[in-house]
Amino acid sequence: MTLLSLEDATVSYGRDAPAALANASLEVNAGENLAIVGESGAGKSTILSLLLGLRAPTTGRVRYGDRPLARRDRTMMRAFRRDVQCVFQDPYASLDPRRRVAAIVGEPIRSLGIARGAARAERVGAALERVGLPADAAARFPHEFSGGQRQRIAIARAIVCEPRVLLADEPVSALDVTTRVRVVDLLAELVASSDMTLVMVSHDIGVVAELCERTIVLERGSIVERGATSDVLGAPRHPYTRKLMSAVPRLP
Ligand code: ADP
């Protein structure tokens with residue numbers, strides 16, 4: 001089942017600028033974790049902003065299930081916000097320092113009107129437990145946690161509504177190496193133990209190899225290679241993919 005897709009999507013940020021994304025088509029299928037890899041400036045964040053409904057393509061289409069994503073359709077967007085959640089790169093920037101973890105993690109539940117009061121607190125507690133944080137984390141503030149724990153808070157917020165798609169934008173690149181391994185393991189476990197499908201954007205091919213069955217390689221706004229991750233990494237056809245593989249440090 002296709003959960004999200006891009007059809008021939010092009011994004012231009014300016015009249016004279018080269019397209020940040022050119023005629024890209026891809027499908028996010030249920031149960032098939034997808035990696036999008038490429039160097040800085042390749043267009044990875046641009047793809048994510050389309051898949052998150054934050055931006056409309058200049059030409060082409062974004063589909064949510066079998067329907068075009070209509071950002072003005074409030075009923076559709078409410079279902080979409082519940083189904084599609086995101087974890088960003090920098091857990092320092094993505095968590096409001098003035099709010100307690102309970103409010104941060106409970107925010108999607110509140111804004112989508114899914115539960116309140118004790119029911120909301122219970123769901124927040126369950127999400128914190130799933131990401132390996134203690135129950136008393138709910139009453140604390142982001143600055144009381146390490147970088148890895150903050151990323152766990154961000155992951156708890158993303159999964160609290162049990163989305164069908166989890167988009168992860170370089171979710172471990174701001175973390176030190178040992179913490180990276182733990183957060184990658186957590187993502188792997190969350191995906192394996194739920195119906196959630198992961199779309200992970202990374203410049204680090206080593207990280208995505210563990211988590212994603214399929215890989216798309218992006219170079220300067222164009223998809224240059226795609227396929228099963230084992231094929232793409234095992235026998236890269238495109239010189240750019242080979243270059244990426246030799247350039248990045250691997251997980252130890
Ligand atoms: P990546 O996430 O792979 O680093 P991006 O999607 O951020 O790549 O960027 C793709 C291209 O689009 C780059 O050339 C970048 O400079 C340009 N770009 C990205 N966002 C904007 C923006 N808001 N305005 C103008 N150009 C942008």
# chains A, B, ... in the order shown; residues from 1 in each chain; ligands from 1

$ residues_near_ligand --ligand "ligand 1" --cutoff "10 Å" --atoms "only C-alpha atoms and all ligand atoms" --output "number ranges by chain"
A: 11-14, 17-21, 36-49, 169-170, 201-203, 218-221

$ write_last_selection --atoms "C-alpha atoms" --output "PDB file, in the first residue's frame"
ATOM      1  CA  VAL A  11      10.731  22.614  -6.734  1.00  0.00           C
ATOM      2  CA  SER A  12      12.311  25.899  -7.787  1.00  0.00           C
ATOM      3  CA  TYR A  13      13.109  28.417  -5.090  1.00  0.00           C
ATOM      4  CA  GLY A  14      13.684  31.281  -7.478  1.00  0.00           C
ATOM      5  CA  ALA A  17      17.832  29.389  -9.563  1.00  0.00           C
ATOM      6  CA  PRO A  18      18.390  25.833 -10.772  1.00  0.00           C
ATOM      7  CA  ALA A  19      15.632  23.496  -9.594  1.00  0.00           C
ATOM      8  CA  ALA A  20      16.325  22.280  -6.042  1.00  0.00           C
ATOM      9  CA  LEU A  21      14.381  19.172  -7.047  1.00  0.00           C
ATOM     10  CA  ILE A  36      17.042   9.269   0.843  1.00  0.00           C
ATOM     11  CA  VAL A  37      20.762   9.945   0.634  1.00  0.00           C
ATOM     12  CA  GLY A  38      22.839  12.660  -0.940  1.00  0.00           C
ATOM     13  CA  GLU A  39      25.339  15.366  -0.140  1.00  0.00           C
ATOM     14  CA  SER A  40      24.461  18.689   1.394  1.00  0.00           C
ATOM     15  CA  GLY A  41      22.424  20.712  -1.095  1.00  0.00           C
ATOM     16  CA  ALA A  42      21.226  17.612  -2.990  1.00  0.00           C
ATOM     17  CA  GLY A  43      17.569  18.389  -2.235  1.00  0.00           C
ATOM     18  CA  LYS A  44      16.886  16.035   0.666  1.00  0.00           C
ATOM     19  CA  SER A  45      15.226  18.635   2.899  1.00  0.00           C
ATOM     20  CA  THR A  46      13.240  19.863  -0.076  1.00  0.00           C
ATOM     21  CA  ILE A  47      11.803  16.369  -0.552  1.00  0.00           C
ATOM     22  CA  LEU A  48      10.967  16.167   3.151  1.00  0.00           C
ATOM     23  CA  SER A  49       9.192  19.512   3.091  1.00  0.00           C
ATOM     24  CA  ASP A 169      15.769  14.287   8.842  1.00  0.00           C
ATOM     25  CA  GLU A 170      19.366  13.373   9.717  1.00  0.00           C
ATOM     26  CA  VAL A 201      17.110  11.408   5.090  1.00  0.00           C
ATOM     27  CA  SER A 202      20.844  11.183   5.588  1.00  0.00           C
ATOM     28  CA  HIS A 203      24.177  12.058   4.103  1.00  0.00           C
ATOM     29  CA  LEU A 218      19.876  12.213  -4.847  1.00  0.00           C
ATOM     30  CA  GLU A 219      22.432  14.378  -6.637  1.00  0.00           C
ATOM     31  CA  ARG A 220      21.838  18.072  -7.222  1.00  0.00           C
ATOM     32  CA  GLY A 221      18.071  17.716  -7.243  1.00  0.00           C
TER      33      GLY A 221
END

$ closest_atom_pairs --of "stretch 116-172 of chain A" --to "stretch 185-189 of chain A" --cutoff "12 Å" --atoms "only C-alpha atoms" --output "JSON lines"
{"residue": "A:Glu129", "atom": "CA", "partner": "A:Leu186", "partner_atom": "CA", "distance": 11.7}
{"residue": "A:Arg130", "atom": "CA", "partner": "A:Leu186", "partner_atom": "CA", "distance": 8.9}
{"residue": "A:Val131", "atom": "CA", "partner": "A:Leu186", "partner_atom": "CA", "distance": 6.9}
{"residue": "A:Gly132", "atom": "CA", "partner": "A:Leu186", "partner_atom": "CA", "distance": 8.4}
{"residue": "A:Leu133", "atom": "CA", "partner": "A:Leu186", "partner_atom": "CA", "distance": 11.5}
{"residue": "A:Gly148", "atom": "CA", "partner": "A:Leu186", "partner_atom": "CA", "distance": 10.9}
{"residue": "A:Gln149", "atom": "CA", "partner": "A:Leu186", "partner_atom": "CA", "distance": 11.4}
{"residue": "A:Gln151", "atom": "CA", "partner": "A:Leu186", "partner_atom": "CA", "distance": 10.6}
{"residue": "A:Arg152", "atom": "CA", "partner": "A:Leu186", "partner_atom": "CA", "distance": 8.6}
{"residue": "A:Ala154", "atom": "CA", "partner": "A:Leu187", "partner_atom": "CA", "distance": 11.9}
{"residue": "A:Ile155", "atom": "CA", "partner": "A:Leu187", "partner_atom": "CA", "distance": 8.5}
{"residue": "A:Ala156", "atom": "CA", "partner": "A:Leu187", "partner_atom": "CA", "distance": 10.8}
{"residue": "A:Ala158", "atom": "CA", "partner": "A:Leu187", "partner_atom": "CA", "distance": 11.5}
{"residue": "A:Ile159", "atom": "CA", "partner": "A:Leu187", "partner_atom": "CA", "distance": 10.6}
{"residue": "A:Leu166", "atom": "CA", "partner": "A:Leu187", "partner_atom": "CA", "distance": 9.8}
{"residue": "A:Leu167", "atom": "CA", "partner": "A:Leu187", "partner_atom": "CA", "distance": 11.2}
{"residue": "A:Ala168", "atom": "CA", "partner": "A:Leu187", "partner_atom": "CA", "distance": 9.7}
{"residue": "A:Pro171", "atom": "CA", "partner": "A:Leu187", "partner_atom": "CA", "distance": 9.6}
{"residue": "A:Val172", "atom": "CA", "partner": "A:Leu187", "partner_atom": "CA", "distance": 10.3}

$ residues_around --residues "A:Ser25" --least-positions-apart "3" --cutoff "6 Å" --atoms "only C-alpha atoms" --output "list in words"
Leu6, Glu7 and Asp8 of chain A

$ write_last_selection --atoms "N, CA and C atoms" --output "JSON list (two decimals), in the first residue's frame"
[["chain", "number", "residue", "atom", "x", "y", "z"],
["A", 6, "LEU", "N", 5.46, 11.10, -4.39],
["A", 6, "LEU", "CA", 5.73, 12.28, -5.22],
["A", 6, "LEU", "C", 5.59, 11.85, -6.66],
["A", 7, "GLU", "N", 4.92, 12.68, -7.45],
["A", 7, "GLU", "CA", 4.78, 12.39, -8.87],
["A", 7, "GLU", "C", 5.40, 13.53, -9.65],
["A", 8, "ASP", "N", 6.54, 13.25, -10.25],
["A", 8, "ASP", "CA", 7.17, 14.22, -11.14],
["A", 8, "ASP", "C", 7.29, 15.60, -10.48]]

$ closest_residue --among "A:Val101, A:Leu198, A:Leu233, A:Ala139" --to "A:Ala35" --atoms "only C-alpha atoms"
A:Leu198

$ closest_residue --among "A:Pro163, A:Gly31, A:Gly234, A:Gly60" --to "A:Glu213" --atoms "only C-alpha atoms"
A:Gly31

$ residues_around --residues "A:Ala9" --least-positions-apart "6" --cutoff "10 Å" --atoms "only C-alpha atoms" --output "number ranges by chain"
A: 21-26, 47, 50, 56-62

$ select_by_dssp --residues "stretch 29-62 of chain A" --states "helix (DSSP H, G or I)" --output "short mmCIF file (atom, residue, chain, number, x, y, z; two decimals) with C-alpha atoms, in the first residue's frame"
data_model
loop_
_atom_site.label_atom_id
_atom_site.label_comp_id
_atom_site.auth_asym_id
_atom_site.auth_seq_id
_atom_site.Cartn_x
_atom_site.Cartn_y
_atom_site.Cartn_z
CA LYS A 44 16.89 16.03 0.67
CA SER A 45 15.23 18.63 2.90
CA THR A 46 13.24 19.86 -0.08
CA ILE A 47 11.80 16.37 -0.55
CA LEU A 48 10.97 16.17 3.15
CA SER A 49 9.19 19.51 3.09
CA LEU A 50 7.01 18.17 0.26
CA LEU A 51 6.32 14.89 2.07
#

$ atom_distance --atom1 "atom CA of A:Pro142" --atom2 "atom CA of A:Thr178"
20.4 Å

$ residues_around --residues "A:Gly113" --least-positions-apart "4" --cutoff "12 Å" --atoms "only C-alpha atoms" --output "short mmCIF file (atom, residue, chain, number, x, y, z; two decimals) with N, CA and C atoms, in the first residue's frame"
data_model
loop_
_atom_site.label_atom_id
_atom_site.label_comp_id
_atom_site.auth_asym_id
_atom_site.auth_seq_id
_atom_site.Cartn_x
_atom_site.Cartn_y
_atom_site.Cartn_z
N ARG A 78 -5.87 17.11 8.84
CA ARG A 78 -5.91 16.61 10.21
C ARG A 78 -5.50 15.13 10.22
N ALA A 79 -6.06 14.36 9.30
CA ALA A 79 -5.67 12.94 9.19
C ALA A 79 -4.19 12.82 8.81
N ARG A 81 -1.75 14.99 9.42
CA ARG A 81 -0.87 15.33 10.55
C ARG A 81 -0.75 14.18 11.54
N ARG A 82 -1.80 13.42 11.64
CA ARG A 82 -1.74 12.28 12.55
C ARG A 82 -0.91 11.15 11.95
N GLY A 106 3.11 15.78 24.50
CA GLY A 106 1.65 15.73 24.38
C GLY A 106 1.07 16.67 23.35
N GLU A 107 1.94 17.52 22.76
CA GLU A 107 1.45 18.55 21.85
C GLU A 107 0.63 18.02 20.65
N PRO A 108 1.12 16.99 19.94
CA PRO A 108 0.31 16.49 18.82
C PRO A 108 -1.06 15.97 19.27
N ILE A 109 -1.10 15.36 20.45
CA ILE A 109 -2.37 14.85 20.96
C ILE A 109 -3.31 15.99 21.25
N GLY A 117 -6.38 15.56 29.52
CA GLY A 117 -6.28 15.19 30.93
C GLY A 117 -5.47 13.92 31.17
N ALA A 119 -5.96 10.90 30.24
CA ALA A 119 -5.77 10.03 29.06
C ALA A 119 -4.56 10.51 28.26
N ARG A 120 -4.43 11.84 28.16
CA ARG A 120 -3.28 12.38 27.43
C ARG A 120 -1.99 12.05 28.19
N CYS A 161 1.19 9.81 18.56
CA CYS A 161 -0.11 9.60 17.87
C CYS A 161 -0.10 8.36 16.99
#

$ residues_around --residues "A:Thr2" --least-positions-apart "5" --cutoff "9 Å" --atoms "only C-alpha atoms" --output "mmCIF file with C-alpha atoms, in the first residue's frame"
data_model
loop_
_atom_site.group_PDB
_atom_site.id
_atom_site.type_symbol
_atom_site.label_atom_id
_atom_site.label_comp_id
_atom_site.auth_asym_id
_atom_site.auth_seq_id
_atom_site.Cartn_x
_atom_site.Cartn_y
_atom_site.Cartn_z
ATOM 1 C CA GLU A 27 6.635 6.114 -3.321
ATOM 2 C CA VAL A 28 6.571 5.489 0.383
ATOM 3 C CA ASN A 29 5.055 2.040 0.740
ATOM 4 C CA ALA A 30 3.790 0.591 4.009
ATOM 5 C CA TYR A 64 -1.395 11.098 0.431
ATOM 6 C CA GLY A 65 -2.648 7.574 -0.065
ATOM 7 C CA ASP A 66 -4.414 7.652 -3.408
#

$ residues_around --residues "A:Arg63" --least-positions-apart "6" --cutoff "6 Å" --atoms "only C-alpha atoms" --output "PyMOL selection string"
chain A and resi 4-5+69

$ write_last_selection --atoms "C-alpha atoms" --output "PDB file, in the first residue's frame"
ATOM      1  CA  LEU A   4       2.797   8.895   0.381  1.00  0.00           C
ATOM      2  CA  SER A   5       4.181   9.643  -3.041  1.00  0.00           C
ATOM      3  CA  LEU A  69      -2.494  16.206  -0.848  1.00  0.00           C
TER       4      LEU A  69
END
